[in-house]
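Here's the structure we're looking at; comments come further down.
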Amino acid sequence: MKFNLTLAIIVATFLGIGLKGCHCKVVQFIFGDSLSDVGNNRHLSRSLAQATLPWYGIDLGNGLPNGRFTNGRTVADIIGDNLGLPRPPAVLDPSLTEEVILENGVNYASGGGGILNETGSYFIERLSLDRQIELFQGTQELIRAKIGKKAANKFFKEARYVVALGSNDFINNYLMPVYTDSWTYNDETFVDYLIGTLRRQLMLLHSLGARQLMVFGLGPMGCIPLQRVLSTTGNCRDKANKLAVSFNKAASNLVDDLVKILPNSRYRFGDAYDVVYDVISNPIKYGFQNSDSPCCSFWSIRPALTCVPASTLCKDRSKYVFWDEYHPSDSANELIANELIKKFGFSHVDQKGAPSPAPALAPSPEE
């Protein structure tokens with residue numbers, strides 16, 4: 001009996017699970033859209049928002065598609081790496097276990113998802129922010145059953161949280177006439193609707209234990225290649241950019257207000273709009289050669305909408321701001337992440353695990 005008890009203690013200690021709780025790591029819980037998705041949509045069989053074909057993921061790991069909508073890392077990947085935090089796996093990954101959650105956290109981000117439930121409905125399947133929070137509540141139930149309520153509360157309060165959505169609510173909702181929101185609201189009232197919804201969601205996350213939370217602002221979404229090619233001039237679409245600026249201002253004010261009323265909250269807003277706009281306007285200044293078209297495109301057919309095996313790749317992916325019609329490249333994500341790190345004043349989390357280096361770019365298929 002004594003031997004069995006001793007063995008149980010050794011095993012529990014090795015797993016980081018004590019008999020009275022958990023000596024847990026600091027991990028991340030990420031809520032977002034395709035800019036942060038690490039594979040959730042791969043497990044949504046009816047979703048039309050997918051990054052499951054080459055050449056997605058070509059510059060990360062084994063170079064095969066991994067669910068990220070870019071050639072390499074996401075902004076959240078890079079920030080987490082710099083903080084010494086583990087990269088959280090997709091919540092819909094069948095291999096996800098309580099042990100994995102305690103060691104790495106969870107990523108709930110979903111391509112096509114938005115703050116609003118109706119956003120991105122033409123993708124058929126996607127996880128809205130409300131649905132992502134529901135899945136987070138399920139995660140909490142699993143961890144409470146595993147390590148107990150007291151230890152679980154501590155684990156979730158010490159974790160880091162990222163909320164990075166909003167662009168789909170404009171590009172794949174308000175700015176498309178097929179959605180009722182486009183003719184139910186005007187610019188001002190739609191932003192108010194978004195912020196009111198986000199306020200409820202951030203307050204709910206606080207009630208669930210989120211204390212250290214980052215809200216990412218929107219970039220100049222009127223300058224993504226898809227928006228440019230849909231314009232008559234090929235220039236950035238001013239209306240979309242003005243909406244992004246309005247959202248960022250309102251979201252920043254929201255975060256400031258919540259910090260004043262939510263106990264022990266350390267909520268922060270990160271806005272990289274200006275630097276991204278400058279990169280797009282002056283790419284050479286930042287070491288890029290192209291900021292208006294995607295690296296991965298279907299020959300001269302535009303818009304290509306997604307990257308497929310028959311697509312052609314630019315010769316040097318590190319010189320393109322955009323990977324496809326919607327999403328930044330790994331190099332651009334690194335620049336954005338570094339800007340947010342500076343604005344947030346992040347410091348490295350003191351725990352085991354070193355940041356992952358930037359990927360070495362694999363040669364293009366045609367080389």
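Here's how to read the names in the structure tokens: chain A, B, ... by the order shown, residue numbers from 1 in each chain, ligand numbers from 1 in the order shown.
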* Asked: Quick one: residues within 12 Å of Leu142 of chain A, only C-alpha atoms counted, chain neighbours fewer than 4 positions away excluded, as a PyMOL selection string?
  -> chain A and resi 96-102+135-138+146-149+152
* Neighbour list for segment 122-134 of chain A as a PyMOL selection string, cut-off 10 Å, only C-alpha atoms, skip fewer than 6 positions in-chain -> chain A and resi 30-34+40-41+44-50+91+107-116+140+163-166+172-173+178-179+197-198+200-202+204-205+208
How close does segment 258-323 of chain A get to segment 73-78 of chain A? List, as a tab-separated table, each residue of segment 258-323 of chain A within 12 Å, its nearest atom pair and the distance in Å to one decimal, counting only C-alpha atoms.
residue	atom	partner	partner_atom	distance
A:Gly270	CA	A:Val75	CA	12.0
A:Ala272	CA	A:Val75	CA	11.3
A:Trp323	CA	A:Arg73	CA	11.4
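Distances to His348 of chain A were evaluated for A:Asp169, A:Gly105, A:Asn82, A:Gly57 using only C-alpha atoms, and the minimum falls at A:Asn82.
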* **Contacts of Leu213 of chain A within 12 Å, only C-alpha atoms, excl. fewer than 3 positions in-chain, as a PyMOL selection string** => chain A and resi 28-31+156-164+202-203+205-206+209-210+216+255+258-259+264-270+344
Write a file of the selected residues as a compact mmCIF listing (two decimals), in the first residue's frame, keeping N, CA and C atoms.
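The file below, again_33.txt, is the result:
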# COMPACT_ATOMS: atom_id res chain seq x y z
N GLN A 28 -1.74 30.31 -22.22
CA GLN A 28 -2.60 31.26 -22.94
C GLN A 28 -3.92 30.63 -23.35
N PHE A 29 -4.95 31.46 -23.37
CA PHE A 29 -6.23 31.10 -23.98
C PHE A 29 -6.52 32.17 -25.03
N ILE A 30 -6.60 31.72 -26.28
CA ILE A 30 -6.69 32.66 -27.40
C ILE A 30 -8.05 32.55 -28.08
N PHE A 31 -8.69 33.70 -28.24
CA PHE A 31 -9.98 33.80 -28.93
C PHE A 31 -9.77 34.69 -30.15
N PHE A 156 -6.74 29.46 -13.98
CA PHE A 156 -7.37 30.33 -14.97
C PHE A 156 -7.12 31.81 -14.68
N LYS A 157 -6.98 32.18 -13.43
CA LYS A 157 -6.72 33.58 -13.11
C LYS A 157 -5.28 33.98 -13.43
N GLU A 158 -4.36 33.02 -13.40
CA GLU A 158 -2.97 33.32 -13.71
C GLU A 158 -2.65 33.24 -15.20
N ALA A 159 -3.58 32.72 -15.98
CA ALA A 159 -3.36 32.56 -17.42
C ALA A 159 -3.40 33.90 -18.14
N ARG A 160 -2.90 33.91 -19.37
CA ARG A 160 -2.98 35.09 -20.24
C ARG A 160 -4.08 34.85 -21.28
N TYR A 161 -4.77 35.93 -21.62
CA TYR A 161 -5.89 35.81 -22.56
C TYR A 161 -5.70 36.79 -23.72
N VAL A 162 -6.06 36.34 -24.91
CA VAL A 162 -6.00 37.17 -26.11
C VAL A 162 -7.38 37.15 -26.77
N VAL A 163 -7.89 38.32 -27.10
CA VAL A 163 -9.14 38.45 -27.86
C VAL A 163 -8.82 39.26 -29.11
N ALA A 164 -8.91 38.64 -30.27
CA ALA A 164 -8.48 39.28 -31.52
C ALA A 164 -9.48 38.99 -32.63
N LEU A 202 -16.43 40.46 -22.93
CA LEU A 202 -15.25 40.67 -22.08
C LEU A 202 -15.61 40.60 -20.60
N MET A 203 -16.79 41.08 -20.26
CA MET A 203 -17.24 40.99 -18.87
C MET A 203 -17.50 39.54 -18.49
N LEU A 205 -15.92 36.94 -19.77
CA LEU A 205 -14.60 36.32 -19.59
C LEU A 205 -14.02 36.67 -18.22
N HIS A 206 -14.23 37.89 -17.77
CA HIS A 206 -13.76 38.27 -16.44
C HIS A 206 -14.45 37.44 -15.37
N GLY A 209 -12.84 34.20 -14.87
CA GLY A 209 -11.48 34.15 -14.34
C GLY A 209 -10.43 34.91 -15.11
N ALA A 210 -10.77 35.44 -16.28
CA ALA A 210 -9.77 36.16 -17.08
C ALA A 210 -9.38 37.47 -16.39
N PHE A 216 -6.72 42.86 -29.24
CA PHE A 216 -5.99 43.36 -30.41
C PHE A 216 -6.92 44.23 -31.26
N VAL A 255 -12.00 49.11 -23.23
CA VAL A 255 -11.04 48.44 -22.37
C VAL A 255 -10.67 49.33 -21.18
N LEU A 258 -13.56 49.20 -18.72
CA LEU A 258 -13.69 47.92 -18.01
C LEU A 258 -12.65 47.77 -16.91
N VAL A 259 -11.45 48.28 -17.15
CA VAL A 259 -10.40 48.19 -16.13
C VAL A 259 -10.82 48.92 -14.86
N ASN A 264 -9.47 43.63 -10.11
CA ASN A 264 -8.20 42.96 -10.40
C ASN A 264 -7.96 42.70 -11.88
N SER A 265 -8.65 43.43 -12.72
CA SER A 265 -8.47 43.22 -14.16
C SER A 265 -7.27 44.00 -14.68
N ARG A 266 -6.52 43.35 -15.53
CA ARG A 266 -5.41 43.98 -16.24
C ARG A 266 -5.67 43.80 -17.73
N TYR A 267 -6.70 44.47 -18.18
CA TYR A 267 -7.08 44.41 -19.60
C TYR A 267 -6.34 45.52 -20.34
N ARG A 268 -5.84 45.17 -21.53
CA ARG A 268 -5.09 46.14 -22.31
C ARG A 268 -5.47 46.04 -23.78
N PHE A 269 -5.40 47.19 -24.46
CA PHE A 269 -5.75 47.25 -25.87
C PHE A 269 -4.50 47.53 -26.68
N GLY A 270 -4.28 46.73 -27.73
CA GLY A 270 -3.11 46.89 -28.59
C GLY A 270 -3.51 47.29 -30.00
N PHE A 344 2.63 47.10 -25.55
CA PHE A 344 2.18 46.48 -24.32
C PHE A 344 3.26 46.50 -23.23
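Using only C-alpha atoms, the nearest neighbour of Ser331 of chain A within the list A:Ser347, A:Gln289, A:Thr52, A:Asn241 is A:Gln289.
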